[in-house]
Structure formats: structure tokens, C-alpha cells
$ cat structure.tsv   # TSV, C-alpha atoms and all ligand atoms
chain	number	residue	atom	x	y	z
L	258	MET	CA	89.10	137.56	128.86
L	259	LYS	CA	85.97	135.76	127.63
L	260	LYS	CA	83.54	134.89	130.43
L	261	VAL	CA	83.13	131.14	130.94
L	262	THR	CA	79.67	129.89	131.95
L	263	THR	CA	79.65	126.49	133.60
L	264	LEU	CA	76.73	124.07	133.34
L	265	GLY	CA	75.89	124.69	137.01
L	266	GLN	CA	75.81	128.48	136.55
L	267	PHE	CA	73.78	128.19	133.35
L	268	ILE	CA	71.16	125.92	134.94
L	269	ILE	CA	70.65	128.37	137.79
L	270	GLU	CA	70.53	131.39	135.45
L	271	ARG	CA	67.92	129.72	133.25
L	272	GLN	CA	65.75	128.04	135.85
L	273	ALA	CA	63.04	130.70	135.49
L	274	GLU	CA	62.21	128.97	132.19
L	275	PHE	CA	61.33	125.68	133.89
L	276	PRO	CA	57.63	124.99	133.82
L	277	PHE	CA	57.36	123.39	137.26
L	278	ALA	CA	59.47	123.09	140.35
L	279	LYS	CA	62.57	125.00	139.41
L	280	GLY	CA	65.09	123.92	142.02
L	281	GLU	CA	64.26	120.24	141.60
L	282	LEU	CA	64.83	120.10	137.86
L	283	SER	CA	68.04	122.10	138.28
L	284	ARG	CA	69.30	119.57	140.79
L	285	LEU	CA	68.39	116.67	138.50
L	286	LEU	CA	70.36	118.17	135.64
L	287	ARG	CA	73.24	118.81	138.00
L	288	ASP	CA	73.19	115.16	139.14
L	289	ILE	CA	73.28	114.00	135.51
L	290	GLY	CA	76.27	116.28	134.89
L	291	ILE	CA	78.12	114.76	137.84
L	292	ALA	CA	77.47	111.16	136.74
L	293	ALA	CA	78.53	112.10	133.20
L	294	LYS	CA	81.93	113.28	134.46
L	295	ILE	CA	82.50	110.00	136.32
L	296	VAL	CA	81.48	107.93	133.29
L	297	ASN	CA	83.68	110.11	131.09
L	298	ARG	CA	86.67	109.36	133.31
L	299	GLU	CA	86.12	105.62	132.89
L	300	VAL	CA	85.42	105.87	129.15
L	301	ASN	CA	88.73	107.65	128.73
L	302	LYS	CA	90.49	104.78	130.49
L	303	ALA	CA	88.64	102.10	128.49
L	304	GLY	CA	91.70	100.96	126.56
L	305	LEU	CA	93.67	100.56	129.79
L	306	VAL	CA	91.34	97.91	131.12
L	307	ASP	CA	93.09	95.39	128.92
L	308	ILE	CA	96.45	96.40	130.39
L	309	LEU	CA	95.37	96.82	133.99
L	310	GLY	CA	92.82	94.06	134.19
L	311	ASP	CA	93.65	90.37	134.09
L	312	GLU	CA	91.95	87.40	132.49
L	313	GLY	CA	89.58	86.95	135.40
L	314	ASN	CA	88.25	90.49	135.00
L	315	VAL	CA	90.06	91.72	138.10
L	316	ASN	CA	92.39	94.72	137.92
L	317	VAL	CA	95.70	95.18	139.72
L	318	GLN	CA	93.96	96.71	142.74
L	319	GLY	CA	92.00	93.49	143.10
L	320	GLU	CA	88.78	95.20	141.98
L	321	GLU	CA	86.36	93.61	139.60
L	322	VAL	CA	86.55	95.20	136.15
L	323	LYS	CA	83.00	95.96	135.11
L	324	LYS	CA	81.74	96.30	131.59
L	325	LEU	CA	81.49	100.02	130.86
L	326	ASP	CA	77.78	99.97	130.05
L	327	VAL	CA	77.06	98.27	133.37
L	328	PHE	CA	79.33	100.78	135.13
L	329	ALA	CA	77.60	103.74	133.44
L	330	ASN	CA	74.19	102.38	134.40
L	331	GLU	CA	75.22	102.07	138.03
L	332	GLN	CA	76.74	105.56	138.10
L	333	PHE	CA	73.69	107.27	136.69
L	334	ILE	CA	71.31	105.33	138.94
L	335	SER	CA	73.42	106.10	141.98
L	336	ALA	CA	73.71	109.84	141.19
L	337	LEU	CA	70.01	110.13	140.45
L	338	SER	CA	69.03	108.14	143.54
L	339	SER	CA	71.15	110.09	145.99
L	340	GLY	CA	70.09	113.43	144.48
L	341	GLY	CA	66.55	112.91	145.80
L	342	GLU	CA	64.66	114.47	142.86
L	343	CYS	CA	63.84	111.33	140.89
L	344	CYS	CA	61.59	108.53	142.15
L	345	ALA	CA	62.20	105.94	139.41
L	346	ILE	CA	64.42	105.20	136.44
L	347	ALA	CA	63.84	103.23	133.24
L	348	SER	CA	67.11	102.16	131.66
L	349	GLU	CA	68.08	100.18	128.59
L	350	GLU	CA	70.16	98.06	130.96
L	351	ASN	CA	67.25	97.06	133.23
L	352	GLU	CA	64.27	95.02	132.16
L	353	ASN	CA	61.97	96.68	134.70
L	354	ILE	CA	61.65	100.11	136.23
L	355	VAL	CA	64.19	100.79	138.97
L	356	HIS	CA	62.47	102.36	141.97
L	357	VAL	CA	64.48	104.73	144.09
L	358	SER	CA	63.33	103.58	147.45
L	359	ASN	CA	65.09	105.83	149.92
L	360	ASP	CA	62.94	108.16	152.05
L	361	VAL	CA	64.02	111.31	150.24
L	362	SER	CA	63.24	110.15	146.72
L	363	GLN	CA	60.07	108.16	147.10
L	364	ASN	CA	57.83	111.18	146.68
L	365	ALA	CA	60.01	112.97	144.17
L	366	LYS	CA	58.17	114.51	141.22
L	367	TYR	CA	60.26	113.24	138.32
L	368	VAL	CA	61.05	109.99	136.54
L	369	ILE	CA	63.99	109.50	134.19
L	370	ALA	CA	64.37	107.27	131.15
L	371	MET	CA	67.91	106.71	129.91
L	372	ASP	CA	70.27	104.76	127.76
L	373	PRO	CA	73.35	104.99	130.00
L	374	LEU	CA	75.89	104.02	127.33
L	375	ASP	CA	74.62	103.83	123.78
L	376	GLY	CA	76.70	102.45	120.96
L	377	SER	CA	78.54	100.24	123.40
L	378	SER	CA	79.80	97.95	120.63
L	379	ASN	CA	82.08	100.89	119.76
L	380	ILE	CA	83.83	101.03	123.16
L	381	ASP	CA	86.46	98.42	122.34
L	382	VAL	CA	87.49	100.21	119.17
L	383	ASN	CA	87.85	103.73	120.57
L	384	VAL	CA	84.88	105.20	118.71
L	385	SER	CA	82.52	107.82	120.18
L	386	ILE	CA	79.69	106.63	122.41
L	387	GLY	CA	76.97	108.44	124.31
L	388	THR	CA	74.41	108.67	127.10
L	389	ILE	CA	70.83	109.71	126.33
L	390	PHE	CA	68.29	110.87	128.94
L	391	SER	CA	64.72	112.04	129.14
L	392	ILE	CA	62.91	113.56	132.12
L	393	TYR	CA	59.15	113.35	132.75
L	394	ARG	CA	57.00	114.71	135.54
L	395	ARG	CA	55.32	111.72	137.16
L	396	ILE	CA	51.57	111.31	136.82
L	397	SER	CA	51.01	109.16	139.90
L	398	THR	CA	50.64	111.29	142.99
L	399	SER	CA	52.30	109.24	145.72
L	400	GLY	CA	54.03	105.99	146.63
L	401	HIS	CA	55.99	104.06	144.03
L	402	ALA	CA	56.13	105.40	140.48
L	403	THR	CA	54.02	103.39	138.03
L	404	LEU	CA	54.48	102.23	134.47
L	405	GLU	CA	52.11	105.01	133.37
L	406	ASP	CA	54.59	107.57	134.66
L	407	PHE	CA	56.95	106.38	131.91
L	408	LEU	CA	54.43	105.62	129.19
L	409	GLN	CA	53.80	109.26	128.38
L	410	LYS	CA	54.12	110.70	124.90
L	411	GLY	CA	57.37	112.42	124.00
L	412	THR	CA	55.48	115.73	123.92
L	413	GLU	CA	55.26	115.47	127.73
L	414	GLN	CA	59.04	115.51	128.25
L	415	VAL	CA	60.18	118.21	130.65
L	416	ALA	CA	63.83	117.96	129.64
L	417	ALA	CA	66.05	115.74	127.53
L	418	GLY	CA	69.67	115.56	126.59
L	419	TYR	CA	72.69	113.53	125.70
L	420	ILE	CA	76.35	113.28	126.53
L	421	ILE	CA	78.78	112.45	123.77
L	422	TYR	CA	82.08	110.91	124.80
L	423	GLY	CA	84.05	111.85	121.70
L	424	SER	CA	87.24	113.67	120.80
L	425	SER	CA	85.93	115.99	123.48
L	426	THR	CA	83.06	115.30	125.85
L	427	MET	CA	79.91	117.34	125.47
L	428	LEU	CA	76.59	117.56	127.24
L	429	VAL	CA	73.68	118.89	125.16
L	430	TYR	CA	70.23	119.43	126.63
L	431	THR	CA	66.88	121.14	126.29
L	432	THR	CA	64.14	122.05	128.73
L	433	GLY	CA	61.89	123.15	125.89
L	434	CYS	CA	63.43	126.62	125.47
L	435	GLY	CA	66.06	125.90	122.82
L	436	VAL	CA	69.11	123.66	122.92
L	437	ASN	CA	72.45	124.39	124.57
L	438	GLY	CA	75.72	122.48	124.40
L	439	PHE	CA	78.51	122.33	127.00
L	440	THR	CA	82.01	121.00	126.48
L	441	LEU	CA	83.87	119.36	129.35
L	442	ASP	CA	87.05	121.25	130.17
L	443	PRO	CA	89.16	118.47	131.72
L	444	SER	CA	91.56	120.98	133.29
L	445	ILE	CA	88.85	122.35	135.60
L	446	GLY	CA	86.47	119.37	135.49
L	447	GLU	CA	83.51	121.49	134.41
L	448	PHE	CA	81.09	121.45	131.50
L	449	CYS	CA	81.38	124.94	129.96
L	450	LEU	CA	78.85	126.56	127.64
L	451	SER	CA	80.37	126.19	124.17
L	452	HIS	CA	77.35	125.88	121.84
L	453	PRO	CA	74.64	128.30	123.00
L	454	ASN	CA	71.25	128.15	121.29
L	455	LEU	CA	72.11	125.32	118.89
L	456	LYS	CA	70.14	125.37	115.63
L	457	SER	CA	69.80	122.54	113.14
L	458	PRO	CA	70.51	123.76	109.58
L	459	THR	CA	67.24	123.45	107.60
L	460	THR	CA	69.01	121.22	105.11
L	461	GLY	CA	72.38	119.52	104.76
L	462	LYS	CA	74.54	117.21	102.68
L	463	ILE	CA	74.85	114.18	104.95
L	464	TYR	CA	72.70	111.05	105.08
L	465	SER	CA	73.30	108.41	107.73
L	466	ILE	CA	71.89	104.90	107.53
L	467	ASN	CA	73.18	101.34	107.82
L	468	GLU	CA	73.09	100.50	104.12
L	469	GLY	CA	74.03	96.91	104.88
L	470	ASN	CA	70.34	96.42	105.61
L	471	ALA	CA	69.27	98.02	102.30
L	472	LEU	CA	67.69	94.88	100.82
L	473	HIS	CA	65.17	94.88	103.65
L	474	PHE	CA	64.31	98.61	103.72
L	475	PRO	CA	60.81	99.88	102.86
L	476	GLU	CA	60.48	101.08	99.23
L	477	GLY	CA	60.20	104.73	100.33
L	478	ILE	CA	63.61	104.58	102.04
L	479	LYS	CA	65.22	102.76	99.09
L	480	GLU	CA	63.95	105.50	96.77
L	481	TYR	CA	65.05	108.27	99.14
L	482	ILE	CA	68.57	106.79	99.21
L	483	LYS	CA	68.61	106.85	95.39
L	484	TYR	CA	67.54	110.52	95.63
L	485	CYS	CA	70.44	111.23	98.05
L	486	GLN	CA	72.89	109.60	95.62
L	487	ALA	CA	71.58	111.27	92.45
L	488	GLU	CA	73.48	114.21	90.93
L	489	ASP	CA	71.82	117.62	91.14
L	490	LYS	CA	73.80	120.83	91.54
L	491	ALA	CA	70.89	122.92	92.79
L	492	THR	CA	70.41	120.71	95.86
L	493	SER	CA	74.14	119.86	96.32
L	494	ARG	CA	73.58	116.18	95.52
L	495	PRO	CA	74.92	113.59	95.71
L	496	TYR	CA	74.93	113.87	99.48
L	497	THR	CA	77.73	112.38	101.55
L	498	SER	CA	77.14	109.12	103.41
L	499	ARG	CA	78.36	109.13	107.03
L	500	TYR	CA	77.51	106.36	109.51
L	501	ILE	CA	79.39	105.82	112.75
L	502	GLY	CA	76.95	103.32	114.22
L	503	SER	CA	76.76	105.32	117.45
L	504	LEU	CA	73.43	107.09	117.51
L	505	VAL	CA	74.54	110.02	119.65
L	506	ALA	CA	77.62	110.66	117.51
L	507	ASP	CA	75.72	110.39	114.22
L	508	PHE	CA	72.95	112.62	115.59
L	509	HIS	CA	75.35	115.20	117.02
L	510	ARG	CA	77.32	115.55	113.77
L	511	ASN	CA	74.13	115.97	111.76
L	512	LEU	CA	72.74	118.48	114.26
L	513	ILE	CA	75.81	120.66	113.87
L	514	LYS	CA	76.43	120.24	110.14
L	515	GLY	CA	72.95	119.52	108.79
L	516	GLY	CA	71.90	116.04	107.75
L	517	ILE	CA	69.49	113.18	108.16
L	518	TYR	CA	69.76	109.98	110.24
L	519	MET	CA	67.50	107.02	109.47
L	520	TYR	CA	66.94	103.70	111.19
L	521	PRO	CA	63.87	102.44	109.33
L	522	SER	CA	61.83	99.35	109.77
L	523	THR	CA	63.18	96.41	107.84
L	524	SER	CA	61.42	93.24	106.78
L	525	LYS	CA	63.44	91.48	109.50
L	526	ALA	CA	62.79	94.11	112.20
L	527	PRO	CA	59.40	95.69	111.42
L	528	ASN	CA	59.69	98.14	114.33
L	529	GLY	CA	63.25	99.17	113.57
L	530	LYS	CA	65.98	98.86	116.19
L	531	LEU	CA	65.99	102.00	118.29
L	532	ARG	CA	63.96	102.51	121.45
L	533	LEU	CA	61.19	105.08	121.59
L	534	LEU	CA	61.38	106.00	125.28
L	535	TYR	CA	65.07	106.58	125.89
L	536	GLU	CA	66.66	106.90	122.44
L	537	CYS	CA	64.17	108.40	119.98
L	538	ASN	CA	61.94	110.67	122.09
L	539	PRO	CA	64.79	112.58	123.77
L	540	LEU	CA	66.61	113.14	120.47
L	541	ALA	CA	63.31	114.12	118.83
L	542	PHE	CA	62.72	116.73	121.56
L	543	ILE	CA	66.21	118.12	121.02
L	544	ILE	CA	66.01	118.23	117.23
L	545	GLU	CA	62.60	119.92	117.29
L	546	GLN	CA	63.86	122.48	119.77
L	547	ALA	CA	66.76	123.11	117.38
L	548	GLY	CA	64.36	123.59	114.44
L	549	GLY	CA	64.63	120.09	112.92
L	550	ALA	CA	62.18	117.20	112.76
L	551	ALA	CA	61.75	113.53	113.71
L	552	THR	CA	59.21	111.05	112.38
L	553	ASP	CA	58.81	107.29	112.12
L	554	GLY	CA	58.12	107.70	108.40
L	555	PHE	CA	54.43	108.38	108.97
L	556	GLU	CA	53.98	110.05	112.33
L	557	ARG	CA	55.84	112.60	114.46
L	558	ILE	CA	57.99	110.66	116.94
L	559	MET	CA	56.96	112.75	119.94
L	560	SER	CA	53.23	112.15	119.28
L	561	LYS	CA	53.52	108.38	119.28
L	562	GLN	CA	51.59	106.35	121.84
L	563	ILE	CA	53.91	104.13	123.83
L	564	SER	CA	52.90	100.85	125.40
L	565	SER	CA	56.09	99.44	126.93
L	566	ILE	CA	59.33	100.93	128.20
L	567	HIS	CA	61.60	99.07	125.77
L	568	GLU	CA	59.37	99.56	122.71
L	569	ARG	CA	61.18	100.10	119.39
L	570	THR	CA	60.34	102.48	116.58
L	571	PRO	CA	61.66	103.29	113.13
L	572	ILE	CA	63.10	106.81	113.02
L	573	ILE	CA	63.97	109.50	110.48
L	574	ILE	CA	65.55	112.48	112.25
L	575	GLY	CA	67.51	115.60	111.37
L	576	SER	CA	67.32	118.75	109.25
L	577	SER	CA	63.67	119.69	108.67
L	578	GLU	CA	63.70	119.85	104.85
L	579	MET	CA	65.55	116.55	104.53
L	580	VAL	CA	63.18	114.77	106.92
L	581	GLU	CA	60.20	116.21	105.02
L	582	GLN	CA	61.68	114.91	101.75
L	583	ALA	CA	62.25	111.41	103.12
L	584	HIS	CA	58.77	111.49	104.61
L	585	ALA	CA	57.33	112.37	101.19
L	586	PHE	CA	59.08	109.33	99.65
L	587	MET	CA	57.62	107.11	102.38
L	588	ARG	CA	54.13	108.51	101.77
L	589	ILE	CA	54.27	108.11	97.98
L	590	HIS	CA	55.55	104.54	98.10
L	591	THR	CA	53.13	103.43	100.77
L	592	GLU	CA	50.23	104.88	98.73
L	593	VAL	CA	51.50	103.15	95.58
L	594	LYS	CA	51.57	99.82	97.47
L	595	ALA	CA	48.10	100.38	98.90
O	1	LIG	P1	72.74	99.71	121.52
O	1	LIG	O1	71.69	100.44	122.31
O	1	LIG	O2	72.65	98.22	121.71
O	1	LIG	O3	74.09	100.28	121.76
O	1	LIG	O4	72.33	99.88	119.97
O	1	LIG	C1	72.03	101.14	119.51
O	1	LIG	C2	72.99	101.51	118.41
O	1	LIG	C3	72.95	102.96	118.06
O	1	LIG	O5	73.90	103.69	118.74
O	1	LIG	C4	73.28	102.94	116.61
O	1	LIG	O6	72.77	104.06	115.93
O	1	LIG	C5	72.67	101.67	116.13
O	1	LIG	O7	72.58	100.82	117.26
O	1	LIG	C6	73.49	101.01	115.10
O	1	LIG	O8	72.88	99.82	114.73
O	1	LIG	P2	73.43	98.96	113.49
O	1	LIG	O9	74.72	98.39	113.93
O	1	LIG	O10	72.35	97.94	113.27
O	1	LIG	O11	73.56	99.91	112.35
O	2	MG	MG	71.09	102.03	122.99
$ encode --input "structure.tsv" --output "C-alpha cells"
Amino acid sequence: MKKVTTLGQFIIERQAEFPFAKGELSRLLRDIGIAAKIVNREVNKAGLVDILGDEGNVNVQGEEVKKLDVFANEQFISALSSGGECCAIASEENENIVHVSNDVSQNAKYVIAMDPLDGSSNIDVNVSIGTIFSIYRRISTSGHATLEDFLQKGTEQVAAGYIIYGSSTMLVYTTGCGVNGFTLDPSIGEFCLSHPNLKSPTTGKIYSINEGNALHFPEGIKEYIKYCQAEDKATSRPYTSRYIGSLVADFHRNLIKGGIYMYPSTSKAPNGKLRLLYECNPLAFIIEQAGGAATDGFERIMSKQISSIHERTPIIIGSSEMVEQAHAFMRIHTEVKA
């Protein structure tokens, strides 16, 4: 019989790779895994809320029915707070940093940035959604964590990962020594190693972008899309267009199959839509660890200076050769303009 490695076993086996305090980072990842299972349980019941809940947002047990993104935020904050290894959390759901103020956590060495439930507009229609997280070692030495603890470049991430709540639920993470994927086996309630040492194909046939915004894209992106759609046998073009509108799901598919995901700046949203701290940097860390690339069209995502926790950035992310090609189009068309 094939040996099954659970997430917990894997973290312990691999903790020698961790650059700093080994046990603490292991426990943080374990806490994230636990919260993910609880959120997964609720995501799977999402459709039932309409049946079990009533108009006043109260279910048959008399409990308040919470929006899933609010629920996910609370679950992750609670798991990370009680674990004692994280002193503060920045979340898409909270305007300001959430300090973990119990005695155990105040002097913890790590801070976590997260999007607890990304793609939440897809919940009501039974389409995949995800959680994204990023772990930094704090810079401040004692007391409350500071903004500077979060405003570090993506290159300083100690670990990052995502959970995809899809046709199956997977947790994928990196600590800077490659990328590994775990699939939740619902029968035993454990994440089991299913995708060891994930590698991004150097090129692919999929491009993912919201073409509804095409009128407002930069010239370089418009030209790159024409390139994706042009016929050329040698490079397997035209590519296929695939866009779920759930970042984690689009990213995950392209990571496995090879492809490129773009959310560029538009004339309406000059900084794009996605958030640097808890959406782009963690996925950039993962894709680079898998051999792919991530840029904002001009600069490597992980090298970008960050000045606020909810800052947005354009992003081009995926298979290395495809990202390089899109980048080249951006360069040429910016030079032409200048
Ligand atoms: P959210 O954080 O409000 O859920 O928005 C992020 C989502 C991503 O999952 C997805 O890639 C993107 O927004 C889709 O945006 P659009 O609908 O503009 O294409
Ligand atoms: Mg989001």
C-alpha cells in the first residue's frame, strides 16, 4: 500500500529547512491547516444556508448566519491567535492590523498577511474560491507589531501558500525550498501530500485575463493578447482563454497546466485590482519557487516597495517564458510611447 504523508507529518519532516525558529513556523502552518478545514466545512455547506437560514439571517438553530468571508476571517484569526506563534494579522477583511493581544502571542516572532476568502463573489454560484496567506518574520523586537513588520518586500517572506476550495480542497505552500501540494481527504479529515515538488511548466497554452476590460488595458497587454490569439503552429497558438474570476483557482490551474494570468493596470484602475501584500506577493513566491515568474509589467513583484497594507498592483504571473513574452510586449510599447 502507498504510504500517505499528512500535512502535519510533512511539516515536521521538513522543518530542518526552515531558516529560523523551526517549531514555531511548523505550528503556524499547522494552525493554518486547522482553520482551512473548518472553513472548508462551511464552504461545502454554502448552498444550504439558503435552505437552513431564514430571511433574517438566522438559521434553524437560532444562530446568526454569517457571510462566509466574514466567517473565514474570524476562523483564521482565531486559529492564529490561539496558536501563539503570530503577533499580528493583516487581512483583506480588516482595514487595520489586527493585534493578537493575549500574553502568549504578544512577543511571537511572526506576522501573517492573508486574504481569508478570495473570489467571494463566486460563493453564491458554487465556483471555486480560495484563501491566500503570507508569513513574515517581524522586524520590531518587542511589544505590539508595527506597520513596518508588514511593509516588507515579498523577498522577505518566510512562507506563503493558498487553499483552494474546489472540486477537491487543496493546500499548497512554500517555505522557500520548493512547492508542495496537499489534498484534503474528507474521510480522514487530513491534508495528504498529493503534489510533491510542484513545478510550473516553462510555457503553456492558457491565458487568463478579464477581457471585458480590454478597452482600458495598456497597449503592451492589448498587443500580447493579439499575440496569444494569433495562429502559429510552432508555439501552439492560438492559446486557450480561461478565466474563472477566482484568483486562486485561475492561478492553480495555470501552475499545474502551464499558463499566464494577468490583471493589468487599466485607465480606470491605474494600479490594477489585486493586492500586493496578501494576494500578489504570496502567489509570486510560490510561482518563483515552482520555476515561474511574476512581474507588474516592469518590475519583479517580490522586489516591489510597499507603502500600505491594502496597496494594489498590476500583475502578470505564471509560466516563465510566457511572462517574459508579455513583459517584452509591455517594454516595447512603453518605449514606443515614450
Ligand atoms: P476579491 O478579493 O474582492 O474577492 O477580488 C479579487 C478577485 C480575484 O479572485 C479575481 O482574480 C479578481 O478579483 C477578478 O476580478 P474581475 O471580476 O474584475 O475580473
Ligand atoms: Mg481578494
$ closest_atom_pairs --input "structure.tsv" --of "chain L" --to "ligand LIG 1 (chain O)" --cutoff "6 Å" --atoms "all atoms listed in the file" --output "JSON lines"
{"residue": "L:Asp375", "atom": "CA", "partner": "O:LIG1", "partner_atom": "O3", "distance": 4.1}
{"residue": "L:Gly376", "atom": "CA", "partner": "O:LIG1", "partner_atom": "O3", "distance": 3.5}
{"residue": "L:Ser377", "atom": "CA", "partner": "O:LIG1", "partner_atom": "O3", "distance": 4.7}
{"residue": "L:Asn467", "atom": "CA", "partner": "O:LIG1", "partner_atom": "O11", "distance": 4.8}
{"residue": "L:Gly502", "atom": "CA", "partner": "O:LIG1", "partner_atom": "C6", "distance": 4.3}
{"residue": "L:Ser503", "atom": "CA", "partner": "O:LIG1", "partner_atom": "O5", "distance": 3.5}
{"residue": "L:Leu504", "atom": "CA", "partner": "O:LIG1", "partner_atom": "O6", "distance": 3.5}
$ closest_residue --input "structure.tsv" --among "L:Met579, L:Lys410, L:Thr432, L:Glu468" --to "Met559 of chain L" --atoms "all atoms listed in the file"
L:Lys410
$ residues_near_ligand --input "structure.tsv" --ligand "ligand MG 2 (chain O)" --cutoff "10 Å" --atoms "all atoms listed in the file" --output "CSV table (one decimal) with C-alpha atoms, in the frame of the given file"
chain,number,residue,atom,x,y,z
L,326,ASP,CA,77.8,100.0,130.0
L,348,SER,CA,67.1,102.2,131.7
L,349,GLU,CA,68.1,100.2,128.6
L,350,GLU,CA,70.2,98.1,131.0
L,371,MET,CA,67.9,106.7,129.9
L,372,ASP,CA,70.3,104.8,127.8
L,373,PRO,CA,73.4,105.0,130.0
L,374,LEU,CA,75.9,104.0,127.3
L,375,ASP,CA,74.6,103.8,123.8
L,376,GLY,CA,76.7,102.4,121.0
L,377,SER,CA,78.5,100.2,123.4
L,378,SER,CA,79.8,98.0,120.6
L,386,ILE,CA,79.7,106.6,122.4
L,387,GLY,CA,77.0,108.4,124.3
L,388,THR,CA,74.4,108.7,127.1
L,389,ILE,CA,70.8,109.7,126.3
L,503,SER,CA,76.8,105.3,117.4
L,504,LEU,CA,73.4,107.1,117.5
L,505,VAL,CA,74.5,110.0,119.6
L,530,LYS,CA,66.0,98.9,116.2
L,531,LEU,CA,66.0,102.0,118.3
L,532,ARG,CA,64.0,102.5,121.4
L,535,TYR,CA,65.1,106.6,125.9
L,536,GLU,CA,66.7,106.9,122.4
L,537,CYS,CA,64.2,108.4,120.0
$ closest_residue --input "structure.tsv" --among "L:Met587, L:Val296, L:Ile574, L:Leu540" --to "Gly554 of chain L" --atoms "only C-alpha atoms"
L:Met587
$ closest_residue --input "structure.tsv" --among "L:Phe586, L:Phe407, L:Tyr518, L:Phe390" --to "Gly477 of chain L" --atoms "all atoms listed in the file"
L:Phe586
$ residues_near_point --input "structure.tsv" --point "(51.5, 112.5, 113.3)" --cutoff "12 Å" --atoms "all atoms listed in the file" --output "PyMOL selection string"
chain L and resi 412+550-562+584
$ write_last_selection --input "structure.tsv" --atoms "C-alpha atoms" --output "PDB file, in the coordinates of the input"
ATOM      1  CA  THR L 412      55.480 115.730 123.920  1.00  0.00           C
ATOM      2  CA  ALA L 550      62.180 117.200 112.760  1.00  0.00           C
ATOM      3  CA  ALA L 551      61.750 113.530 113.710  1.00  0.00           C
ATOM      4  CA  THR L 552      59.210 111.050 112.380  1.00  0.00           C
ATOM      5  CA  ASP L 553      58.810 107.290 112.120  1.00  0.00           C
ATOM      6  CA  GLY L 554      58.120 107.700 108.400  1.00  0.00           C
ATOM      7  CA  PHE L 555      54.430 108.380 108.970  1.00  0.00           C
ATOM      8  CA  GLU L 556      53.980 110.050 112.330  1.00  0.00           C
ATOM      9  CA  ARG L 557      55.840 112.600 114.460  1.00  0.00           C
ATOM     10  CA  ILE L 558      57.990 110.660 116.940  1.00  0.00           C
ATOM     11  CA  MET L 559      56.960 112.750 119.940  1.00  0.00           C
ATOM     12  CA  SER L 560      53.230 112.150 119.280  1.00  0.00           C
ATOM     13  CA  LYS L 561      53.520 108.380 119.280  1.00  0.00           C
ATOM     14  CA  GLN L 562      51.590 106.350 121.840  1.00  0.00           C
ATOM     15  CA  HIS L 584      58.770 111.490 104.610  1.00  0.00           C
TER      16      HIS L 584
END
$ build_atoms --input "structure.tsv" --residues "segment 410-416 of chain L" --atoms "all heavy atoms" --output "CSV table (one decimal), keeping the file's coordinate frame"
chain,number,residue,atom,x,y,z
L,410,LYS,N,53.6,110.4,126.2
L,410,LYS,CA,54.1,110.7,124.9
L,410,LYS,C,55.3,111.6,125.0
L,410,LYS,O,55.5,112.3,126.0
L,410,LYS,CB,53.0,111.5,124.1
L,410,LYS,CG,51.9,110.6,123.7
L,410,LYS,CD,50.9,111.4,122.8
L,410,LYS,CE,49.8,110.5,122.4
L,410,LYS,NZ,48.8,111.3,121.7
L,411,GLY,N,56.2,111.6,124.0
L,411,GLY,CA,57.4,112.4,124.0
L,411,GLY,C,57.1,113.9,124.2
L,411,GLY,O,57.9,114.7,124.7
L,412,THR,N,55.9,114.3,123.8
L,412,THR,CA,55.5,115.7,123.9
L,412,THR,C,55.4,116.1,125.4
L,412,THR,O,55.4,117.3,125.7
L,412,THR,CB,54.1,116.0,123.3
L,412,THR,OG1,53.2,114.9,123.8
L,412,THR,CG2,54.1,116.0,121.8
L,413,GLU,N,55.4,115.2,126.3
L,413,GLU,CA,55.3,115.5,127.7
L,413,GLU,C,56.6,115.6,128.4
L,413,GLU,O,56.7,115.8,129.6
L,413,GLU,CB,54.4,114.4,128.5
L,413,GLU,CG,53.0,114.2,127.9
L,413,GLU,CD,52.3,115.5,127.9
L,413,GLU,OE1,52.2,116.2,128.9
L,413,GLU,OE2,51.8,115.9,126.8
L,414,GLN,N,57.7,115.4,127.6
L,414,GLN,CA,59.0,115.5,128.2
L,414,GLN,C,59.3,116.9,128.8
L,414,GLN,O,58.9,117.9,128.2
L,414,GLN,CB,60.1,115.2,127.2
L,414,GLN,CG,60.2,113.8,126.8
L,414,GLN,CD,61.2,113.6,125.6
L,414,GLN,OE1,62.3,113.2,125.8
L,414,GLN,NE2,60.7,113.9,124.4
L,415,VAL,N,59.9,116.9,130.0
L,415,VAL,CA,60.2,118.2,130.6
L,415,VAL,C,61.6,118.6,130.2
L,415,VAL,O,61.9,119.8,130.1
L,415,VAL,CB,60.1,118.0,132.2
L,415,VAL,CG1,60.5,119.3,132.9
L,415,VAL,CG2,58.7,117.6,132.6
L,416,ALA,N,62.4,117.7,130.1
L,416,ALA,CA,63.8,118.0,129.6
L,416,ALA,C,64.4,116.7,129.0
L,416,ALA,O,63.9,115.6,129.2
L,416,ALA,CB,64.7,118.4,130.8
